[in-house]
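S.K.: Got a structure for you, questions after.
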Amino acid sequence: MNGPFEFTLRLGDDALIAAQRLAEWTTRAPEMEEDIALANIALDQLGAARLLLTYAGELEGAGRDEDALAFLRDDREFRNCLLVELPNGDFAVTMAKLLFLSAYQLPLYTALAGGADERLVAIGAKARKESAYHLDHASLWVRRLGDGTEESHRRMQAAVDEIWPYTAELFAPDPGAPVDPSTLRPEFERVVTEVLAEATLTRPESGWAPAGGRDGLHTEHLSYLLAEMQVLHRAHPGARW
Amino acid sequence: MSDPSPLWEVFVRARRGLSHTHVGSLHAPDAELALRNARDLYTRRQEGVSIWVVPAGAITASSPDEKDAFFDPAADKVYRHPTFYEVPDGVAHL
Amino acid sequence: MYGNDFGPPEEAPGGGLLGEVEAAEAALREAAARQRRGAPASDDDLAGYFAEVIEADQKIEPRDWMPEKYRKTLIRQIAQHAHSEIIGMQPEGNWISRAPSLKRKAILLAKVQDEAGHGLYLYAAAETLGVSRDELVDLLLNGRQKYSSIFNYPTLTWADVGAIGWLVDGAAIVNQVPLCRCSYGPYARAMIRICKEESFHQRQGYEILHSLSHGTPAQKAMAQDAVNRWWYPSLAMFGPPDGESTHSAQSMAWKIKRFSNDELRQRFVDMCVQQAEVLGLTIPDPDLRWNEERQAYDFTQPDYDELMRVISGDGPCNRQRMAHRRRAHAEGAWVREAAAAYAAKRAAEKKEKVAA
């Protein structure tokens, strides 16, 4: 029972929360070059979020623009997956999150680009190129950390183990949606399995599969993230910036 | 390579029909990362450009115009990055 | 804190600061095209050749002979400039997560990212002088090299992001545009690139303040408060008054610098007055007034004792900024080591393949 509004909102929220988390790395990255790369990826996610939320607002028809949707909803109204709201952790955790997110977003946006909704086709066509870059970047680092030093291998394996359970939610079937996420799973599996193998990492067994983000049931982390993101906007109701 | 993050020279082809031009240098542990960093730093997401990265240590220079510099510590690596030759229009980011 | 010198505005074809950058670039190309004898005649001729190149307004390049003090001065100045870009990411980065609209968030993130890029351009320019980036980063982290003192002030409200863009970037540009004509080639080229990319920084800051000052009373108060706090520290960015400035004379002779601290400060003030009027904000100086005779504004000098205290480490945020940078560097060590180890493994594999 999920129409285009709900679907678009999910995608927009995924991108927005991912951008917010990635931007937290600014001034903190392991190397200055990586600071720039992470900011690029955050900017891509933020750009996609703005397009998607703007479109979601139009589909809803209630006069909400991107900022109303981003700043004036509470955590129970957000529809992002749990994976993106998890804290950044160390660089390995961030790269595990980015690997899984981009390996999901790439086939998703590719499918959108070949879909029926003109606006989503345009957004998908733009975002898919960016996702390919994100996937490339995450793979590059997962390989280096997995097959780098003993310590980096330990950290990368721990990160993969920690984040893996949150990937199940990404592919929950939704036959009515413009793209049914369950159809994206094989491509995701193929890509991730290959990267993990190259990185000398063990692919975790599936088991515990936390979910709820799509219904507004989040981890405890999201409310804090939103409190920070929304504090200034909400302190000045109706103001223009 | 003893330097864990050696210097690379970056060359960019801004558009079809132009040759690759030296745009600057950067540090990276290997070629793949150097290429990635070069794209982020010197072209910031421009599509359609071609980038070369070359280990600075692999460049042999003939410099009849340049007298060897008289400072010691890194004389062998410095001249190899006469940085910031102007990038043709269309490459500078934004 | 940056070096400083600039061409008179009337020379600028495009007008404004960006026009001056373009004029500097044109001058660089023009000077490069001019004939000069190709090389020093002998080892005895090195200093004479160096002086000739400077005299002809041509560029010194990395492999050229140069006086040791010229090299040292440039390393110090370029490194300090690079450190300033990197540390300068922090005060504005402080507001990325709380930017009040998605558009503002994107612009601010892109701006702070630019500063990282500028830091890297500058480290690379410094490296052409025979010092490694690692050494320079170490000098920053152990406090032996400085960065611009302005970044030791806190960003307490969103309006501070606007004030930094307008006043701090504005002062930096007044300082930096002249560096596009610096006699050292890699530095001049880096500055041309940086100034072009920075043209949007000052505008975005100005736009933030404009929106605030034309917004709600609370927003306008926020903007005025920010200008009140950033005005004098921005004036102090031009360094001590000419009488007390230590490095100036030699730097001017070498064309690393062409105008004095006080000249640049005056120019900045003269620019800001009208801009503040358009904003509808008040520059916090009761003695600011037009001097018909001097054809310039009289203004109150910043507190140079405060500047010295901040430079020596006792500003509000010195410890915080350094601790932040040190922490990022230390926490990234295992990642850098992993990348190096991975590269070494791949290189070893390649060797084995070749051997086999």
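Just so we're on the same page: first chain in the structure tokens is A, next is B, and so on; residues restart at 1 for each chain, and ligands are numbered from 1 in the order they show up.
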Show me a table, sorted first by chain and then by increasing residue number, of the residues of chain C having an atom at most 9 Å from chain A, each with its shortest atom pair and the distance in Å to one decimal, counting only C-alpha atoms and written as a Markdown table.

M.R.:
```
| residue | atom | partner | partner_atom | distance |
| --- | --- | --- | --- | --- |
| C:Ile86 | CA | A:Thr27 | CA | 7.9 |
| C:Ile87 | CA | A:Thr27 | CA | 8.3 |
| C:Met89 | CA | A:Thr27 | CA | 6.5 |
| C:Gln90 | CA | A:Thr27 | CA | 6.4 |
| C:Gly93 | CA | A:Thr26 | CA | 6.8 |
| C:Ile96 | CA | A:Ala23 | CA | 7.3 |
| C:Ser97 | CA | A:Met229 | CA | 5.5 |
| C:Arg98 | CA | A:Met229 | CA | 4.6 |
| C:Ala99 | CA | A:Leu232 | CA | 7.2 |
| C:Pro100 | CA | A:His233 | CA | 4.7 |
| C:Ser101 | CA | A:Asp67 | CA | 6.0 |
| C:Leu102 | CA | A:Asp67 | CA | 6.4 |
| C:Lys103 | CA | A:Arg50 | CA | 8.3 |
| C:Arg104 | CA | A:Trp241 | CA | 7.8 |
| C:Lys105 | CA | A:Leu46 | CA | 8.6 |
| C:Ala106 | CA | A:Leu43 | CA | 6.3 |
| C:Leu109 | CA | A:Ala39 | CA | 6.9 |
| C:Ala110 | CA | A:Leu43 | CA | 7.4 |
| C:Val112 | CA | A:Thr26 | CA | 8.0 |
| C:Gln113 | CA | A:Ile36 | CA | 5.6 |
| C:Asp114 | CA | A:Ile36 | CA | 8.0 |
| C:Ala116 | CA | A:Ile36 | CA | 6.6 |
| C:Gly117 | CA | A:Ile36 | CA | 7.1 |
| C:Gly119 | CA | A:Met32 | CA | 8.8 |
| C:Leu120 | CA | A:Met32 | CA | 7.7 |
| C:Trp158 | CA | A:Leu232 | CA | 8.1 |
| C:Ile208 | CA | A:Trp241 | CA | 6.9 |
| C:Ser211 | CA | A:Trp241 | CA | 5.7 |
| C:Leu212 | CA | A:Trp241 | CA | 6.7 |
| C:Gly215 | CA | A:Arg240 | CA | 6.6 |
| C:Thr216 | CA | A:Ala239 | CA | 6.7 |
| C:Ala218 | CA | A:His236 | CA | 8.2 |
| C:Gln219 | CA | A:Ala239 | CA | 8.2 |
| C:His324 | CA | A:Arg28 | CA | 7.9 |
| C:Arg325 | CA | A:Arg28 | CA | 7.6 |
| C:Arg327 | CA | A:Arg28 | CA | 8.0 |
| C:Ala328 | CA | A:Arg28 | CA | 4.8 |
| C:His329 | CA | A:Pro30 | CA | 6.3 |
| C:Ala330 | CA | A:Pro30 | CA | 8.2 |
| C:Glu331 | CA | A:Pro30 | CA | 6.7 |
| C:Gly332 | CA | A:Pro30 | CA | 3.6 |
| C:Ala333 | CA | A:Pro30 | CA | 6.8 |
| C:Trp334 | CA | A:Ser152 | CA | 6.7 |
| C:Val335 | CA | A:Pro30 | CA | 6.4 |
| C:Arg336 | CA | A:Pro30 | CA | 6.9 |
| C:Glu337 | CA | A:Thr149 | CA | 7.2 |
| C:Ala338 | CA | A:Gly148 | CA | 4.3 |
| C:Ala339 | CA | A:Arg144 | CA | 5.6 |
| C:Ala340 | CA | A:Gly148 | CA | 7.6 |
| C:Ala341 | CA | A:Gly148 | CA | 5.2 |
| C:Tyr342 | CA | A:Gly148 | CA | 4.6 |
| C:Ala343 | CA | A:Arg144 | CA | 8.2 |
| C:Lys345 | CA | A:Gly148 | CA | 8.3 |
```

S.K.: Using DSSP assignments from the backbone, pull out every residue in stretch 140-264 of chain C that falls under helix (DSSP H, G or I) and give it to me as a PyMOL selection string.

M.R.: chain C and resi 140-141+149-152+158-181+185-213+217-236+242-244+248-253+261-264

S.K.: Up to 6 Å from chain B, what residues of chain C turn up? Count only C-alpha atoms and give them as a PDB file with C-alpha atoms, in the first residue's frame.

M.R.:
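Result file follows (out.pdb):
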```pdb
ATOM      1  CA  GLY C  38      68.163  31.525 -20.760  1.00  0.00           C
ATOM      2  CA  ALA C  39      70.360  30.732 -17.774  1.00  0.00           C
ATOM      3  CA  PRO C  62      61.555  25.502  -8.265  1.00  0.00           C
ATOM      4  CA  ARG C  63      64.903  24.490  -9.781  1.00  0.00           C
ATOM      5  CA  ASP C  64      66.224  28.040 -10.022  1.00  0.00           C
ATOM      6  CA  TRP C  65      68.897  29.151  -7.636  1.00  0.00           C
ATOM      7  CA  THR C 128      58.420  22.497  -4.520  1.00  0.00           C
ATOM      8  CA  GLY C 130      62.240  21.169  -0.814  1.00  0.00           C
ATOM      9  CA  PRO C 186      54.169  27.808  -8.007  1.00  0.00           C
ATOM     10  CA  ARG C 189      49.798  29.947  -9.842  1.00  0.00           C
ATOM     11  CA  ALA C 190      48.274  28.339  -6.776  1.00  0.00           C
ATOM     12  CA  ALA C 340      50.472   1.896   2.615  1.00  0.00           C
ATOM     13  CA  ALA C 343      50.147  -0.703  -1.753  1.00  0.00           C
TER      14      ALA C 343
END
```

S.K.: Please measure the separation of atom CA of C:His210 and atom CA of C:Gln176, giving the value in Å to one decimal.

M.R.: 24.5 Å

S.K.: Rounded to one decimal, what separation in Å do you get between atom CA of A:Leu53 and atom CA of A:Pro87?

M.R.: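 Distance between the two atoms: 22.8 Å.
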
S.K.: With distances taken over only C-alpha atoms, which residue among B:Arg36, B:Val23, B:Phe11, B:Arg16 lies nearest chain A?

M.R.: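 Between B:Arg36, B:Val23, B:Phe11, B:Arg16, the residue approaching chain A most closely is B:Arg36.
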
S.K.: Just give me the gap between atom CA of A:Val84 and atom CA of B:Ala38 in Å, one decimal is fine.

M.R.: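 Atom CA of A:Val84 sits 27.7 Å away from atom CA of B:Ala38.
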
S.K.: Here is a test: counting only C-alpha atoms, which residue of B:Ala56, B:Ala34, B:Ala61, B:Val49 is nearest to chain A?

M.R.: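 Looking at the shortest contact to chain A, the residue is B:Ala34.
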